[in-house]
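Quick notes on the structure that follows.
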2 protein chains.
Amino acid sequence: MNLTLKTSPATPTHDPALAARVHQRLDSLTKPQGSLGRLETLALQLALIQHHERPRLIAPQMLVFAGDHGLAARGVSAYPSDVTWQMVENFLAGGAAVSVLARKHGLALTVVDAGVRHNFAPRPGLIDHKVALGTADASEGPAMSAAQCAQALDAGRRVLHGLPGNVVLLGEMGIGNSSAAALLLARLTGSDITQCAGRGTGLDDAGLAHKRAVLGAVLQRHAGVREPLDALAAFGGFEIAMLVGAVLQAAAERRVIVVDGFIVSAAVLVATRLDAAVLDYCVFAHRSDEAGHRLLLDALGVEPLLDLGLRLGEGSGAALAWPLLDSALRLLNEMASFESAGVATREPG
Amino acid sequence: MNLTLKTSPATPTHDPALAARVHQRLDSLTKPQGSLGRLETLALQLALIQHHERPRLIAPQMLVFAGDHGLAARGVSAYPSDVTWQMVENFLAGGAAVSVLARKHGLALTVVDAGVRHNFAPRPGLIDHKVALGTADASEGPAMSAAQCAQALDAGRRVLHGLPGNVVLLGEMGIGNSSAAALLLARLTGSDITQCAGRGTGLDDAGLAHKRAVLGAVLQRHAGVREPLDALAAFGGFEIAMLVGAVLQAAAERRVIVVDGFIVSAAVLVATRLDAAVLDYCVFAHRSDEAGHRLLLDALGVEPLLDLGLRLGEGSGAALAWPLLDSALRLLNEMASFESAGVATREPG
């Protein structure tokens with residue numbers, strides 16, 4: 001496939017002079033040097049993203065991309081496809097985990113219909129970018145055409161462009177999409193599918209064995225597919241493709257990107273193969289309990305903030321990590337320095 | 001030492017019928033069973049503590065106990081003892097990490113002077129329970145007398161008794177107190193002091209070797225001390241003893257106890273040796289970067305919520321974990337059920 005990316009590439013955030021100033025600020029605060037651990041590297045990353053010593057997070061936007069998967073007909077999920085649209089209704093009605101967490105943490109929640117197998121009535125909080133009523137069955141051919149893939153990528157960019165604030169939290173919903181993510185991981189990293197495919201929403205041992213067999217056959221079916229966008233089109237889904245576009249656009253606009261679990265991480269993996277610099281803009285919220293997520297995070301060389309055995313998706317992990325981002329910047333911006341507080345520094349060594 | 005505990009012991013929270021009802025509620029919510037991972041066990045623990053299917057966290061209180069250590073004169077810390085009182089001033093002025101985090105997360109912050117080597121002017125947010133101007137040097141004799149230890153335990157109980165709300169977050173400040181915690185851990189669990197003693201606020205290799213040598217000698221000096229309260233009196237400090245009293249009282253009053261890092265965990269270790277049921281009431285906020293903390297958490301058989309490489313103390317880790325407790329209960333109490341949201345359950349297996 002030959003898609004021309006319409007956005008300018010992301011700018012690497014590397015800036016040793018700014019990093020030195022942020023370190024200097026962190027070391028001037030009333031705490032032992034480095035004692036805030038992961039929050040210090042997080043504060044530094046946010047400063048580099050915003051290219052500012054005193055970064056601020058403004059109007060955080062939680063975006064949940066939803067789509068259905070033709071492959072779900074092959075019995076790769078513990079739940080029927082109808083759960084996708086039913087959960088979209090639940091997101092909008094405020095009853096899902098991500099709805100509860102977004103409400104609690106002051107995150108504006110928007111659901112994007114990337115390709116759910118259901119026609120929704122228009123309403124606030126729902127953006128219609130439906131490419132089709134679900135992808136095609138990847139075990140029989142490509143999940144989507146090149147044109148559909150391009151459309152989905154473009155829609156993801158358009159959702160991001162002009163969005164309020166400077167930070168986006170990314171989530172997803174789609175019965176069958178842990179299969180698509182596993183396929184992308186296996187193909188793009190050369191990993192064995194048995195390492196990439198997990199229980200998803202809760203398959204038992206027999207279900208997991210079946211899923212792995214189906215996915216192995218899908219990889220065989222698309223054995224010649226190597227390029228990231230070709231793999232994306234082959235395996236799907238629409239919500240993952242739209243997430244790829246959103247990640248590329250968000251990074252190009254220097255937004256902070258909070259990455260949820262396995263499926264969003266798979267979209268980031270695809271995006272990094274198109275533009276490696278997007279990784280600088282990504283904060284990985286958590287390591288999920290889904291088998292392939294650890295492998296994916298290791299492949300990206302990143303360390304997530306939380307490790308709580310979550311395996312829900314939706315953006316729930318991103319929402320749970322949000323207070324850590326906010327806290328890291330409050331500490332950077334509001335703590336007193338040794339000098340201002342009149343606190344003695346270390347004993348002369 | 002023969003101290004009579006003045007509070008009634010804590011009631012174990014074990015209640016299979018209530019636990020079954022909470023599990024049933026969790027499994028009815030619109031998510032795959034168990035997919036909220038650690039947040040589900042957390043929600044269950046909070047329900048058992050409050051003996052209620054729909055627990056609520058009310059008016060969270062952050063208590064920071066501060067005290068100085070005679071042993072600090074032996075060069076076991078990277079910072080001088082004066083930093084203890086200077087940091088207390090910083091807590092009260094709002095410039096310390098725990099001040100910033102308490103403000104952000106809506107936690108009422110109170111500092112308790114358990115035995116700081118400084119006389120503070122009275123002011124709001126500071127409670128004076130000073131036992132003495134720091135403990136005695138544990139390398140020369142007991143850090144405190146039996147009477148001082150009893151006084152500190154009692155003061156800890158009194159701080160808790162009648163405190164607003166139903167949840168307390170515990171923190172501490174005291175130059176030298178990672179040494180006291182390491183000594184308590186070594187003696188009460190029989191672990192080697194080299195495994196228990198770490199860099200504290202940031203000792204270099206030579207400083208760490210010196211600290212371990214000093215602590216080894218202190219253990220020798222008090223070789224006959226075996227009982228938990230005797231060890232507490234031998235090794236200190238006043239803030240740790242007061243934390244022990246606070247933990248015992250909080251558990252007796254069925255409060256949720258959010259435990260910060262290494263030093264507060266050491267106080268919990270002592271408290272569990274006096275009343276094993278207090279552990280049911282403790283939520284361990286994080287695994288700190290301090291060497292002995294992993295060992296201590298393993299000795300208690302508990303799994304903390306966060307693992308962020310923190311090594312600051314003060315209660316900063318407890319404050320950072322707070323949104324997870326709040327989120328766990330919001331999810332339990334506010335999520336829709338499959339039935340109420342009209343979402344299909346699993347495929348018939």
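By order in the structure tokens, chains are A, B, ...; within a chain, residues start at 1; ligands start at 1, following the order shown.
Within 6 Å of chain B, and counting only C-alpha atoms, chain A contributes Pro32, Ser35, Leu36, Gly37, Arg38, Ala78, Tyr79, Val83, Gln86, Gly95, Ala96, Thr201, Leu308, Gly309, Leu310, Arg311, Leu312, Met335, Ala336, Val343, Ala344, Arg346 and Glu347 of chain A.
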Taking the backbone alone, and naming residues the way the document does, which bits of segment 61-284 of chain B are strand (DSSP E or B) by DSSP, as a PyMOL selection string?
chain B and resi 61-67+108-115+126-128+167-173+256-259+282-284
Next, the residues of the selection above should be written as a short mmCIF file (atom, residue, chain, number, x, y, z; two decimals), in the first residue's frame with N, CA and C atoms.
data_model
loop_
_atom_site.label_atom_id
_atom_site.label_comp_id
_atom_site.auth_asym_id
_atom_site.auth_seq_id
_atom_site.Cartn_x
_atom_site.Cartn_y
_atom_site.Cartn_z
N GLN B 61 -7.73 11.87 55.90
CA GLN B 61 -6.80 12.62 56.75
C GLN B 61 -5.37 12.12 56.53
N MET B 62 -4.51 13.02 56.10
CA MET B 62 -3.08 12.70 55.97
C MET B 62 -2.37 13.13 57.25
N LEU B 63 -1.76 12.17 57.94
CA LEU B 63 -1.04 12.47 59.18
C LEU B 63 0.44 12.19 58.96
N VAL B 64 1.26 13.20 59.22
CA VAL B 64 2.71 13.03 59.09
C VAL B 64 3.33 13.15 60.47
N PHE B 65 3.89 12.05 60.96
CA PHE B 65 4.53 12.02 62.28
C PHE B 65 6.02 12.29 62.11
N ALA B 66 6.54 13.23 62.90
CA ALA B 66 7.93 13.64 62.74
C ALA B 66 8.70 13.47 64.05
N GLY B 67 9.95 13.00 63.92
CA GLY B 67 10.79 12.85 65.10
C GLY B 67 12.26 12.75 64.72
N ALA B 108 -6.77 16.34 54.00
CA ALA B 108 -6.46 17.24 55.11
C ALA B 108 -5.11 16.82 55.69
N LEU B 109 -4.17 17.77 55.77
CA LEU B 109 -2.81 17.45 56.20
C LEU B 109 -2.56 17.94 57.63
N THR B 110 -2.15 17.04 58.49
CA THR B 110 -1.77 17.39 59.85
C THR B 110 -0.38 16.83 60.14
N VAL B 111 0.47 17.65 60.73
CA VAL B 111 1.80 17.20 61.13
C VAL B 111 1.79 17.00 62.64
N VAL B 112 2.31 15.87 63.08
CA VAL B 112 2.40 15.58 64.51
C VAL B 112 3.87 15.61 64.92
N ASP B 113 4.19 16.51 65.84
CA ASP B 113 5.55 16.54 66.39
C ASP B 113 5.65 15.45 67.45
N ALA B 114 6.28 14.34 67.06
CA ALA B 114 6.40 13.20 67.98
C ALA B 114 7.65 13.34 68.83
N GLY B 115 8.61 14.11 68.32
CA GLY B 115 9.85 14.24 69.08
C GLY B 115 10.95 14.86 68.22
N LEU B 126 -0.46 21.70 63.11
CA LEU B 126 0.64 21.06 63.85
C LEU B 126 0.13 20.63 65.22
N ILE B 127 0.27 19.35 65.52
CA ILE B 127 -0.11 18.85 66.84
C ILE B 127 1.15 18.55 67.62
N ASP B 128 1.21 19.06 68.85
CA ASP B 128 2.40 18.87 69.70
C ASP B 128 2.22 17.66 70.60
N VAL B 167 -10.90 7.40 56.91
CA VAL B 167 -9.68 6.90 56.28
C VAL B 167 -8.51 7.80 56.65
N VAL B 168 -7.40 7.15 56.96
CA VAL B 168 -6.22 7.90 57.37
C VAL B 168 -5.05 7.48 56.49
N LEU B 169 -4.30 8.45 56.01
CA LEU B 169 -3.09 8.18 55.23
C LEU B 169 -1.91 8.54 56.13
N LEU B 170 -0.97 7.61 56.26
CA LEU B 170 0.10 7.80 57.24
C LEU B 170 1.44 8.06 56.57
N GLY B 171 2.12 9.12 57.04
CA GLY B 171 3.44 9.46 56.56
C GLY B 171 4.36 9.81 57.71
N GLU B 172 5.59 10.13 57.40
CA GLU B 172 6.58 10.39 58.45
C GLU B 172 7.71 11.27 57.94
N MET B 173 8.42 11.85 58.90
CA MET B 173 9.62 12.61 58.61
C MET B 173 10.57 12.43 59.79
N VAL B 256 -9.92 2.83 57.30
CA VAL B 256 -8.99 2.44 56.25
C VAL B 256 -7.65 3.12 56.53
N ILE B 257 -6.57 2.35 56.47
CA ILE B 257 -5.23 2.87 56.74
C ILE B 257 -4.41 2.78 55.46
N VAL B 258 -4.02 3.92 54.91
CA VAL B 258 -3.18 3.91 53.71
C VAL B 258 -1.73 4.08 54.16
N VAL B 259 -0.94 3.04 53.91
CA VAL B 259 0.43 2.96 54.40
C VAL B 259 1.38 3.49 53.33
N CYS B 282 -5.06 -2.31 56.39
CA CYS B 282 -3.97 -1.57 55.73
C CYS B 282 -3.99 -1.74 54.22
N VAL B 283 -3.95 -0.62 53.52
CA VAL B 283 -3.74 -0.61 52.08
C VAL B 283 -2.32 -0.10 51.85
N PHE B 284 -1.50 -0.91 51.23
CA PHE B 284 -0.10 -0.52 51.03
C PHE B 284 0.01 0.25 49.72
#
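Near segment 233-239 of chain B, within a cut-off of 8 Å and counting only C-alpha atoms, sit the residues Phe65, Ala66, Gly67, Asp68, His69, Asp113, Ala114, Gly115, Val131, Gly134, Thr135, Ala138, Gly141, Pro142, Ala143, Met144, Ser145, Ala146, Cys149, Ala152, Glu172, Met173, Gly174, Asn177, Ala180, Leu183, Leu184, His222 and Val225 of chain B, with same-chain residues fewer than 6 positions away left out.
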Selected residues, N, CA and C atoms, written as an mmCIF file, in the first residue's frame, please.
data_model
loop_
_atom_site.group_PDB
_atom_site.id
_atom_site.type_symbol
_atom_site.label_atom_id
_atom_site.label_comp_id
_atom_site.auth_asym_id
_atom_site.auth_seq_id
_atom_site.Cartn_x
_atom_site.Cartn_y
_atom_site.Cartn_z
ATOM 1 N N PHE B 65 3.891 12.054 60.961
ATOM 2 C CA PHE B 65 4.530 12.017 62.278
ATOM 3 C C PHE B 65 6.019 12.295 62.105
ATOM 4 N N ALA B 66 6.537 13.233 62.904
ATOM 5 C CA ALA B 66 7.935 13.635 62.745
ATOM 6 C C ALA B 66 8.704 13.467 64.047
ATOM 7 N N GLY B 67 9.951 13.001 63.915
ATOM 8 C CA GLY B 67 10.790 12.846 65.098
ATOM 9 C C GLY B 67 12.258 12.748 64.719
ATOM 10 N N ASP B 68 13.105 13.059 65.675
ATOM 11 C CA ASP B 68 14.547 12.952 65.426
ATOM 12 C C ASP B 68 15.149 11.749 66.139
ATOM 13 N N HIS B 69 16.340 11.385 65.658
ATOM 14 C CA HIS B 69 16.985 10.134 66.059
ATOM 15 C C HIS B 69 18.401 10.398 66.554
ATOM 16 N N ASP B 113 4.191 16.506 65.836
ATOM 17 C CA ASP B 113 5.553 16.538 66.389
ATOM 18 C C ASP B 113 5.651 15.453 67.447
ATOM 19 N N ALA B 114 6.276 14.338 67.060
ATOM 20 C CA ALA B 114 6.400 13.204 67.976
ATOM 21 C C ALA B 114 7.648 13.343 68.833
ATOM 22 N N GLY B 115 8.608 14.106 68.321
ATOM 23 C CA GLY B 115 9.853 14.241 69.079
ATOM 24 C C GLY B 115 10.954 14.856 68.225
ATOM 25 N N VAL B 131 7.620 13.925 72.685
ATOM 26 C CA VAL B 131 8.036 13.111 73.829
ATOM 27 C C VAL B 131 9.358 13.646 74.370
ATOM 28 N N GLY B 134 14.124 14.492 70.352
ATOM 29 C CA GLY B 134 14.823 13.406 69.668
ATOM 30 C C GLY B 134 15.065 12.244 70.601
ATOM 31 N N THR B 135 15.237 11.057 70.016
ATOM 32 C CA THR B 135 15.546 9.868 70.807
ATOM 33 C C THR B 135 17.015 9.898 71.221
ATOM 34 N N ALA B 138 20.827 4.995 69.794
ATOM 35 C CA ALA B 138 20.604 3.556 69.976
ATOM 36 C C ALA B 138 21.894 2.757 69.978
ATOM 37 N N GLY B 141 22.567 2.814 73.892
ATOM 38 C CA GLY B 141 21.560 2.313 74.822
ATOM 39 C C GLY B 141 20.221 2.340 74.120
ATOM 40 N N PRO B 142 19.131 2.117 74.834
ATOM 41 C CA PRO B 142 17.820 2.166 74.178
ATOM 42 C C PRO B 142 17.535 3.567 73.639
ATOM 43 N N ALA B 143 16.911 3.643 72.484
ATOM 44 C CA ALA B 143 16.548 4.947 71.912
ATOM 45 C C ALA B 143 15.568 5.680 72.807
ATOM 46 N N MET B 144 14.736 4.919 73.490
ATOM 47 C CA MET B 144 13.780 5.554 74.409
ATOM 48 C C MET B 144 13.540 4.628 75.587
ATOM 49 N N SER B 145 13.032 5.220 76.665
ATOM 50 C CA SER B 145 12.667 4.432 77.835
ATOM 51 C C SER B 145 11.316 3.768 77.596
ATOM 52 N N ALA B 146 11.014 2.804 78.454
ATOM 53 C CA ALA B 146 9.706 2.150 78.369
ATOM 54 C C ALA B 146 8.582 3.162 78.550
ATOM 55 N N CYS B 149 8.188 5.150 75.381
ATOM 56 C CA CYS B 149 7.564 4.333 74.341
ATOM 57 C C CYS B 149 6.055 4.252 74.571
ATOM 58 N N ALA B 152 4.475 7.527 73.646
ATOM 59 C CA ALA B 152 4.369 7.722 72.201
ATOM 60 C C ALA B 152 3.232 6.883 71.612
ATOM 61 N N GLU B 172 5.594 10.129 57.397
ATOM 62 C CA GLU B 172 6.576 10.393 58.452
ATOM 63 C C GLU B 172 7.708 11.270 57.940
ATOM 64 N N MET B 173 8.415 11.847 58.900
ATOM 65 C CA MET B 173 9.623 12.608 58.611
ATOM 66 C C MET B 173 10.570 12.426 59.785
ATOM 67 N N GLY B 174 11.811 12.113 59.496
ATOM 68 C CA GLY B 174 12.779 11.989 60.579
ATOM 69 C C GLY B 174 14.123 11.565 60.028
ATOM 70 N N ASN B 177 15.504 7.877 60.240
ATOM 71 C CA ASN B 177 14.485 6.864 60.553
ATOM 72 C C ASN B 177 14.476 5.665 59.616
ATOM 73 N N ALA B 180 16.230 3.210 61.835
ATOM 74 C CA ALA B 180 15.359 2.614 62.855
ATOM 75 C C ALA B 180 14.460 1.551 62.227
ATOM 76 N N LEU B 183 16.443 -1.571 61.467
ATOM 77 C CA LEU B 183 16.728 -2.322 62.687
ATOM 78 C C LEU B 183 15.507 -3.123 63.134
ATOM 79 N N LEU B 184 14.333 -2.489 63.080
ATOM 80 C CA LEU B 184 13.100 -3.194 63.459
ATOM 81 C C LEU B 184 12.840 -4.368 62.521
ATOM 82 N N HIS B 222 21.966 -4.569 71.285
ATOM 83 C CA HIS B 222 20.654 -4.932 71.833
ATOM 84 C C HIS B 222 20.309 -6.379 71.471
ATOM 85 N N VAL B 225 17.235 -8.197 72.937
ATOM 86 C CA VAL B 225 15.894 -7.632 72.740
ATOM 87 C C VAL B 225 15.139 -8.432 71.688
#
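In this comparison, which uses only C-alpha atoms, the residue of B:Arg187, B:Arg158, B:Arg54, B:His118 approaching Ala250 of chain B most closely is B:Arg158.
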Which of segment 211-271 of chain A fall in helix (DSSP H, G or I), as a VMD selection string
chain A and resid 211 to 221 228 to 235 238 to 252 262 to 271
Residues near Ile58 of chain A, anyone? I mean within 9 Å using only C-alpha atoms, not counting same-chain ones fewer than 4 positions away, as a list in words.
Pro164, Gly165, Asn166 and Val167 of chain A
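For the set A:Leu296, A:Leu232, A:Leu208, A:Ala43, the residue with the smallest atom-to-atom gap to Arg25 of chain A is A:Ala43, counting only C-alpha atoms.
The shortest atom-to-atom distance to Leu279 of chain B, with only C-alpha atoms taken into account, belongs to B:Ile49 out of B:Ala59, B:Val218, B:Ile49, B:Leu44.
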What's the 8 Å shell around segment 14-22 of chain B, counting only C-alpha atoms, without same-chain residues fewer than 4 positions away, as a list in words?
Leu26, Leu44, Ala47, Leu48, His51, His52 and Glu53 of chain B
Output all heavy atoms of each residue in that selection to a file, as a CSV table (one decimal), in the first residue's frame.
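Output contents, as saved in part34.csv:
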chain,number,residue,atom,x,y,z
B,26,LEU,N,-19.5,-7.0,41.8
B,26,LEU,CA,-18.4,-6.7,40.8
B,26,LEU,C,-18.6,-7.5,39.5
B,26,LEU,O,-18.4,-6.9,38.4
B,26,LEU,CB,-17.0,-7.1,41.4
B,26,LEU,CG,-16.5,-6.1,42.5
B,26,LEU,CD1,-15.3,-6.8,43.3
B,26,LEU,CD2,-16.0,-4.8,41.9
B,44,LEU,N,-13.0,-4.8,47.3
B,44,LEU,CA,-13.4,-5.8,48.3
B,44,LEU,C,-12.9,-5.5,49.7
B,44,LEU,O,-13.6,-5.6,50.7
B,44,LEU,CB,-13.0,-7.2,47.8
B,44,LEU,CG,-13.3,-8.3,48.8
B,44,LEU,CD1,-14.8,-8.5,49.0
B,44,LEU,CD2,-12.7,-9.7,48.2
B,47,ALA,N,-14.7,-2.7,51.3
B,47,ALA,CA,-16.0,-3.1,51.7
B,47,ALA,C,-16.0,-3.9,53.0
B,47,ALA,O,-16.8,-3.7,53.9
B,47,ALA,CB,-16.7,-3.9,50.6
B,48,LEU,N,-15.0,-4.8,53.1
B,48,LEU,CA,-14.8,-5.6,54.3
B,48,LEU,C,-14.5,-4.7,55.5
B,48,LEU,O,-15.0,-4.9,56.6
B,48,LEU,CB,-13.8,-6.7,54.1
B,48,LEU,CG,-14.2,-7.8,53.1
B,48,LEU,CD1,-13.0,-8.7,52.8
B,48,LEU,CD2,-15.4,-8.6,53.7
B,51,HIS,N,-17.5,-3.0,56.4
B,51,HIS,CA,-18.5,-3.9,56.7
B,51,HIS,C,-19.8,-3.5,56.0
B,51,HIS,O,-20.9,-3.4,56.5
B,51,HIS,CB,-18.8,-4.0,58.2
B,51,HIS,CG,-19.5,-5.3,58.6
B,51,HIS,ND1,-18.8,-6.5,58.5
B,51,HIS,CD2,-20.7,-5.5,59.0
B,51,HIS,CE1,-19.7,-7.4,58.9
B,51,HIS,NE2,-20.8,-6.9,59.2
B,52,HIS,N,-19.6,-3.1,54.7
B,52,HIS,CA,-20.7,-2.5,53.9
B,52,HIS,C,-20.5,-2.8,52.4
B,52,HIS,O,-19.4,-2.7,52.0
B,52,HIS,CB,-20.8,-1.0,54.2
B,52,HIS,CG,-22.1,-0.4,53.8
B,52,HIS,ND1,-22.5,-0.2,52.5
B,52,HIS,CD2,-23.1,0.0,54.5
B,52,HIS,CE1,-23.7,0.3,52.4
B,52,HIS,NE2,-24.1,0.5,53.7
B,53,GLU,N,-21.5,-3.2,51.7
B,53,GLU,CA,-21.4,-3.5,50.3
B,53,GLU,C,-21.0,-2.3,49.4
B,53,GLU,O,-20.5,-2.5,48.4
B,53,GLU,CB,-22.7,-4.1,49.8
B,53,GLU,CG,-22.9,-5.5,50.0
B,53,GLU,CD,-24.3,-5.9,49.6
B,53,GLU,OE1,-24.6,-6.1,48.4
B,53,GLU,OE2,-25.2,-6.1,50.6
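Among the candidates A:Thr272, A:Ser191, A:Gln249, A:Gln45, the one nearest to Leu229 of chain A when counting only C-alpha atoms is A:Thr272.
Counting from atom CA of Thr194 of chain A, the distance to atom CA of Leu274 of chain A is 25.8 Å.
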In Å, with one decimal, what is the gap from atom CA of Thr13 of chain A to atom CA of Gly156 of chain A?
22.4 Å
From the list B:Val116, B:Leu71, B:Ala136, B:Val76, the nearest residue to Arg212 of chain B using only C-alpha atoms is B:Val76
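If you look at atom CA of Val270 of chain A and atom CA of Ala155 of chain A, they are 16.2 Å away from each other.
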